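Everything below concerns the one structure shown next.
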2 protein chains.
Amino acid sequence: MLTERQLLILRLIVDNYVLSAEPVGSRTVSKQADLGLSAATIRNEMADLEEMGYLEQPHASAGRIPSQLGYRFYVDHLLLQGADLSVQEIDRVKSLFTERIGEMERVAQQTASFLSNLTQYTAVVLGPQVYDTTLKSLQLVPLNDRTAVVLVVTSTGQVHNRTVAVPEGLAIKDFERMFKVLDKKLSGIPVYRMRSRALEEITLELARHMNDFEEAMRVLDQALSWMGEDSEGKLYVGGTTNMLLQPEFQNVQKAKTVLAWLEHHQDVMDVLREDSSGARLQVRIGGENDVLTLRDCSLVTATYHVGGKPIGVVGILGPTRMDYARVIPLLDRISLGMTELFTKFYTN
Amino acid sequence: MLTERQLLILRLIVDNYVLSAEPVGSRTVSKQADLGLSAATIRNEMADLEEMGYLEQPHASAGRIPSQLGYRFYVDHLLLQGADLSVQEIDRVKSLFTERIGEMERVAQQTASFLSNLTQYTAVVLGPQVYDTTLKSLQLVPLNDRTAVVLVVTSTGQVHNRTVAVPEGLAIKDFERMFKVLDKKLSGIPVYRMRSRALEEITLELARHMNDFEEAMRVLDQALSWMGEDSEGKLYVGGTTNMLLQPEFQNVQKAKTVLAWLEHHQDVMDVLREDSSGARLQVRIGGENDVLTLRDCSLVTATYHVGGKPIGVVGILGPTRMDYARVIPLLDRISLGMTELFTKFYTN
DNA sequence: GTTAGCACTCATGACTTTGGAGTGCTAACA
DNA sequence: TGTTAGCACTCCAAAGTCATGAGTGCTAAC
């Protein structure tokens, strides 16, 4: 168990190191601590804290830096009391969500930009992914004799579209009729069942009315093939290059690893969806990340919800030496704002 | 005027430097040149080439590297003869475009990825932007009592959507009716006139039939406010981090400048649209770029067309020491492929 | 329990040395 | 007149040396 004094010292060291990125020496702590203690005393305490695993030394004659365990302790026990944003920041967060609703895409992208600007870290937003989505509208809009756009609108307002070429020898009129029928028949069914149901319906209803039935099936199938692709949600990244601001990423090789990882959206989304604890807010520090690439990073994420179900994630990626005291309450508020916005939006 | 021998030497130096990123010495050239010349002779020629401005020396006792003028000469005069891709590469390019057409978005994104993979540089694709686009379909799909999706389909198959909240005290049914009327009235008009025409029509036709007319106008205007935004085309970037592979960007500060620039899509698009020469293929070497950020970069771009009009740009961004001999024919073929694809697509 | 004092450690930056790659010039050669 | 061998010279880069200072751990005194 740590004494009150040790808690204070640990907190000071983390705070200082987060700010300066330089190992913190006993003198520095001694000067800042309110309790009038000499550097020597602090040194003793620091040695103890190191022994307990909360601190480490880059080399023998340097100051101390927080270990992974140290950050963990800081986040779990030293942050609770009264960490929150400034009034000004709270206002900015609020104004982010009071603007008119546009495309959902835009909200996610704007949030990512906002977060990265405010924090100087990299922000990731996993776009809203709604499971019990149903079909609102399925249409074919012909462009000319050979091509047409297939439109799918879901109950959550997401729009998917795909351009298809109508095969030779198949009248686009027939095709259009087919979609009209499908639209009526399928309206209201869950999106994930759409593809199979569509094929069923066609087989039942339309087979005899159309020649070139096989071809039509193929095109329809292709038009709906996006299902399960980005219906899983999309990723929005903001401030990628902020990573390069951090002194720990001044080494190009190191920076490249992380930046390249961020380019692989699928991998990033997988990580964001990982949910070890089930908590709304998650902090993954350094090696706590499963992905090797993130060994030197910390990832703070918060889920946002609709009707109690998590539908997306918003997160901040930065060096292990991250300003948790700012990032955590920020993400907390942002995710609440997103929850509010999307709830207003998706539920009637 | 350059002698045959000088041409050969210049070419060799560029080729070598492009490959190795190290200043090329006289010995290296002497060994590679077919003409059995000693290093001393080469040295004389190199001194002449330097005097003429085609080469420069990083410092007194180093080899030579091509100057900006040197690259320019190389691109303009030494590249013409028979530079082309390998059969294998040509096949890969072809297969890129023979796949089924999906969303246009996907084509652009895939092309960017493909190019960056193949070249190890950064690829940019300015998505198809069609000027004489007309309106195919304008619809309102209600999601519930308060929200709805506005859908716009253009003659080129682009789909724009925007979710709007229907203001209190306004029946969504009325709104729906309004869009039905608009769809009929506006179908076929150029997209850029849509917004104003829509407002006109409403004023004429619907004003008396609806209460809360003002409110409806406001929402409609907001729903169509994307016009002129991404109707200008979108930017797709591939292989951003490839920039970090280049030895000239091992300095994080330098790398950050370029990477951050790439994050500002609007700026990038502006540069891509700049068209000094009017040629289909453009090579901008180092300082030839107007943007200061690109002082140490070269940008090779090619436009793709539909019906003779340029509708988009595909480009490669890399260090000045770029493998022009590969990049130029590659972009040439790619842009032809895009032209073909989109022509097949947009014209009947 | 706290602190002053001191010897010790080690990264960092300035300076020097050394090796080697590459040049320019000169003189000899075809 | 063009080409080449030879040589002195330049200058970067890597390795080595050294002084500095920040910070520590330990001990002994308060």
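In the structure tokens, chains take letters A, B, ... by order of appearance, with residues numbered from 1 within each chain and ligands from 1 in the order shown.
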
Practice task
Just list the residues in stretch 114-346 of chain A DSSP gives alpha helix (DSSP H) on the backbone, as an MDAnalysis selection string.
Solution key: chainID A and resid 114:119 172:186 194:201 213:223 252:263 265:273 324:346

Excluding A:Pro167 and residues on its chain fewer than 4 positions from it, collect all residues at most 12 Å away from it, counting only C-alpha atoms (C1' of nucleotides), and give them as a PDB file with N, CA, C and O atoms, in the first residue's frame.
ATOM      1  N   ASP A 145     -29.480   3.223 -70.901  1.00  0.00           N
ATOM      2  CA  ASP A 145     -29.995   1.904 -71.267  1.00  0.00           C
ATOM      3  C   ASP A 145     -29.227   0.754 -70.645  1.00  0.00           C
ATOM      4  O   ASP A 145     -29.737  -0.352 -70.513  1.00  0.00           O
ATOM      5  N   ARG A 146     -27.996   1.052 -70.258  1.00  0.00           N
ATOM      6  CA  ARG A 146     -27.171  -0.079 -69.843  1.00  0.00           C
ATOM      7  C   ARG A 146     -26.762  -0.039 -68.376  1.00  0.00           C
ATOM      8  O   ARG A 146     -26.387  -1.049 -67.818  1.00  0.00           O
ATOM      9  N   THR A 147     -26.785   1.145 -67.800  1.00  0.00           N
ATOM     10  CA  THR A 147     -26.339   1.239 -66.413  1.00  0.00           C
ATOM     11  C   THR A 147     -27.414   1.829 -65.519  1.00  0.00           C
ATOM     12  O   THR A 147     -28.297   2.552 -65.970  1.00  0.00           O
ATOM     13  N   ALA A 148     -27.300   1.512 -64.257  1.00  0.00           N
ATOM     14  CA  ALA A 148     -28.268   2.004 -63.286  1.00  0.00           C
ATOM     15  C   ALA A 148     -27.619   2.043 -61.917  1.00  0.00           C
ATOM     16  O   ALA A 148     -26.588   1.413 -61.688  1.00  0.00           O
ATOM     17  N   ALA A 171     -33.807  -6.124 -70.578  1.00  0.00           N
ATOM     18  CA  ALA A 171     -34.381  -4.779 -70.622  1.00  0.00           C
ATOM     19  C   ALA A 171     -34.299  -4.134 -69.249  1.00  0.00           C
ATOM     20  O   ALA A 171     -34.583  -4.752 -68.235  1.00  0.00           O
ATOM     21  N   ILE A 172     -33.905  -2.876 -69.235  1.00  0.00           N
ATOM     22  CA  ILE A 172     -33.747  -2.205 -67.958  1.00  0.00           C
ATOM     23  C   ILE A 172     -35.110  -1.980 -67.303  1.00  0.00           C
ATOM     24  O   ILE A 172     -35.231  -1.921 -66.090  1.00  0.00           O
ATOM     25  N   ASP A 174     -37.511  -4.126 -67.208  1.00  0.00           N
ATOM     26  CA  ASP A 174     -37.802  -5.319 -66.416  1.00  0.00           C
ATOM     27  C   ASP A 174     -37.103  -5.249 -65.079  1.00  0.00           C
ATOM     28  O   ASP A 174     -37.659  -5.601 -64.038  1.00  0.00           O
ATOM     29  N   PHE A 175     -35.904  -4.783 -65.179  1.00  0.00           N
ATOM     30  CA  PHE A 175     -35.079  -4.670 -63.981  1.00  0.00           C
ATOM     31  C   PHE A 175     -35.720  -3.706 -62.996  1.00  0.00           C
ATOM     32  O   PHE A 175     -35.803  -3.964 -61.798  1.00  0.00           O
ATOM     33  N   ASP A 212     -33.932 -14.393 -69.312  1.00  0.00           N
ATOM     34  CA  ASP A 212     -32.605 -14.105 -68.783  1.00  0.00           C
ATOM     35  C   ASP A 212     -32.596 -13.967 -67.265  1.00  0.00           C
ATOM     36  O   ASP A 212     -31.950 -13.108 -66.677  1.00  0.00           O
ATOM     37  N   PHE A 213     -33.331 -14.840 -66.658  1.00  0.00           N
ATOM     38  CA  PHE A 213     -33.492 -14.774 -65.220  1.00  0.00           C
ATOM     39  C   PHE A 213     -32.158 -14.915 -64.475  1.00  0.00           C
ATOM     40  O   PHE A 213     -31.852 -14.178 -63.537  1.00  0.00           O
ATOM     41  N   GLU A 214     -31.370 -15.855 -64.953  1.00  0.00           N
ATOM     42  CA  GLU A 214     -30.075 -16.130 -64.309  1.00  0.00           C
ATOM     43  C   GLU A 214     -29.196 -14.883 -64.241  1.00  0.00           C
ATOM     44  O   GLU A 214     -28.634 -14.550 -63.208  1.00  0.00           O
ATOM     45  N   GLU A 215     -29.134 -14.209 -65.364  1.00  0.00           N
ATOM     46  CA  GLU A 215     -28.310 -13.008 -65.462  1.00  0.00           C
ATOM     47  C   GLU A 215     -28.757 -11.950 -64.464  1.00  0.00           C
ATOM     48  O   GLU A 215     -27.954 -11.329 -63.774  1.00  0.00           O
ATOM     49  N   ALA A 216     -30.052 -11.787 -64.388  1.00  0.00           N
ATOM     50  CA  ALA A 216     -30.616 -10.790 -63.478  1.00  0.00           C
ATOM     51  C   ALA A 216     -30.210 -11.100 -62.039  1.00  0.00           C
ATOM     52  O   ALA A 216     -29.845 -10.209 -61.268  1.00  0.00           O
ATOM     53  N   MET A 217     -30.281 -12.362 -61.690  1.00  0.00           N
ATOM     54  CA  MET A 217     -29.875 -12.791 -60.361  1.00  0.00           C
ATOM     55  C   MET A 217     -28.441 -12.377 -60.065  1.00  0.00           C
ATOM     56  O   MET A 217     -28.127 -11.870 -58.992  1.00  0.00           O
ATOM     57  N   ARG A 218     -27.602 -12.631 -61.049  1.00  0.00           N
ATOM     58  CA  ARG A 218     -26.182 -12.356 -60.866  1.00  0.00           C
ATOM     59  C   ARG A 218     -25.957 -10.864 -60.580  1.00  0.00           C
ATOM     60  O   ARG A 218     -25.225 -10.499 -59.664  1.00  0.00           O
ATOM     61  N   VAL A 219     -26.606 -10.050 -61.364  1.00  0.00           N
ATOM     62  CA  VAL A 219     -26.421  -8.616 -61.202  1.00  0.00           C
ATOM     63  C   VAL A 219     -26.968  -8.154 -59.855  1.00  0.00           C
ATOM     64  O   VAL A 219     -26.331  -7.361 -59.132  1.00  0.00           O
ATOM     65  N   LEU A 220     -28.107  -8.661 -59.488  1.00  0.00           N
ATOM     66  CA  LEU A 220     -28.692  -8.283 -58.213  1.00  0.00           C
ATOM     67  C   LEU A 220     -27.756  -8.664 -57.075  1.00  0.00           C
ATOM     68  O   LEU A 220     -27.466  -7.874 -56.171  1.00  0.00           O
TER      69      LEU A 220
ATOM     70  N   ARG B 100     -15.424  -5.849 -62.262  1.00  0.00           N
ATOM     71  CA  ARG B 100     -16.769  -5.281 -62.317  1.00  0.00           C
ATOM     72  C   ARG B 100     -16.778  -3.867 -61.766  1.00  0.00           C
ATOM     73  O   ARG B 100     -16.077  -3.549 -60.840  1.00  0.00           O
TER      74      ARG B 100
END

Exercise for the section: Run DSSP on the backbone and give me the residues of stretch 66-291 of chain B it puts in strand (DSSP E), as a ChimeraX atom specification. Expected result: /B:66,122-126,135-142,147-154,159-165,235-238,281-285

Just-selected residues, C-alpha atoms written as a compact mmCIF listing (two decimals), in the first residue's frame:
# COMPACT_ATOMS: atom_id res chain seq x y z
CA PRO B 66 21.27 15.68 -60.87
CA THR B 122 2.43 8.17 -52.50
CA ALA B 123 -0.48 8.12 -54.92
CA VAL B 124 -3.28 10.63 -55.25
CA VAL B 125 -6.44 10.28 -57.27
CA LEU B 126 -8.81 13.13 -57.85
CA LEU B 135 -30.23 15.55 -62.00
CA LYS B 136 -31.62 12.05 -62.33
CA SER B 137 -33.55 11.73 -59.18
CA LEU B 138 -34.35 13.79 -56.10
CA GLN B 139 -36.13 12.06 -53.28
CA LEU B 140 -37.08 12.23 -49.67
CA VAL B 141 -37.11 8.96 -47.81
CA PRO B 142 -38.76 9.40 -44.40
CA THR B 147 -36.19 12.76 -39.69
CA ALA B 148 -35.74 11.88 -43.32
CA VAL B 149 -33.00 11.28 -45.86
CA VAL B 150 -32.65 13.48 -48.88
CA LEU B 151 -31.28 11.59 -51.87
CA VAL B 152 -29.81 13.09 -54.99
CA VAL B 153 -28.79 10.89 -57.90
CA THR B 154 -26.95 12.46 -60.79
CA VAL B 159 -25.29 9.59 -55.09
CA HIS B 160 -25.39 12.28 -52.46
CA ASN B 161 -27.36 11.96 -49.31
CA ARG B 162 -28.05 14.03 -46.30
CA THR B 163 -30.15 13.43 -43.28
CA VAL B 164 -32.42 16.25 -42.24
CA ALA B 165 -34.61 16.86 -39.25
CA LEU B 235 -9.52 13.04 -53.18
CA TYR B 236 -8.20 9.57 -52.58
CA VAL B 237 -4.74 9.04 -51.22
CA GLY B 238 -2.79 5.81 -51.09
CA LEU B 281 0.83 14.20 -68.57
CA GLN B 282 2.50 16.69 -66.32
CA VAL B 283 5.76 16.44 -64.44
CA ARG B 284 6.47 19.01 -61.77
CA ILE B 285 9.96 18.74 -60.41

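Between atom CA of A:Ser298 and atom CA of A:Val75 there is a distance of 11.8 Å.
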
How close does each residue of chain D get to chain A, giving the shortest atom pair and distance in Å to one decimal for every residue with an atom at most 9 Å away, counting only C-alpha atoms (C1' of nucleotides), sorted by chain and residue number, as JSON lines?
{"residue": "D:DA22", "atom": "C1'", "partner": "A:Ala62", "partner_atom": "CA", "distance": 7.3}
{"residue": "D:DG23", "atom": "C1'", "partner": "A:Ser61", "partner_atom": "CA", "distance": 5.0}
{"residue": "D:DT24", "atom": "C1'", "partner": "A:Ser61", "partner_atom": "CA", "distance": 5.3}
{"residue": "D:DG25", "atom": "C1'", "partner": "A:Arg43", "partner_atom": "CA", "distance": 8.8}
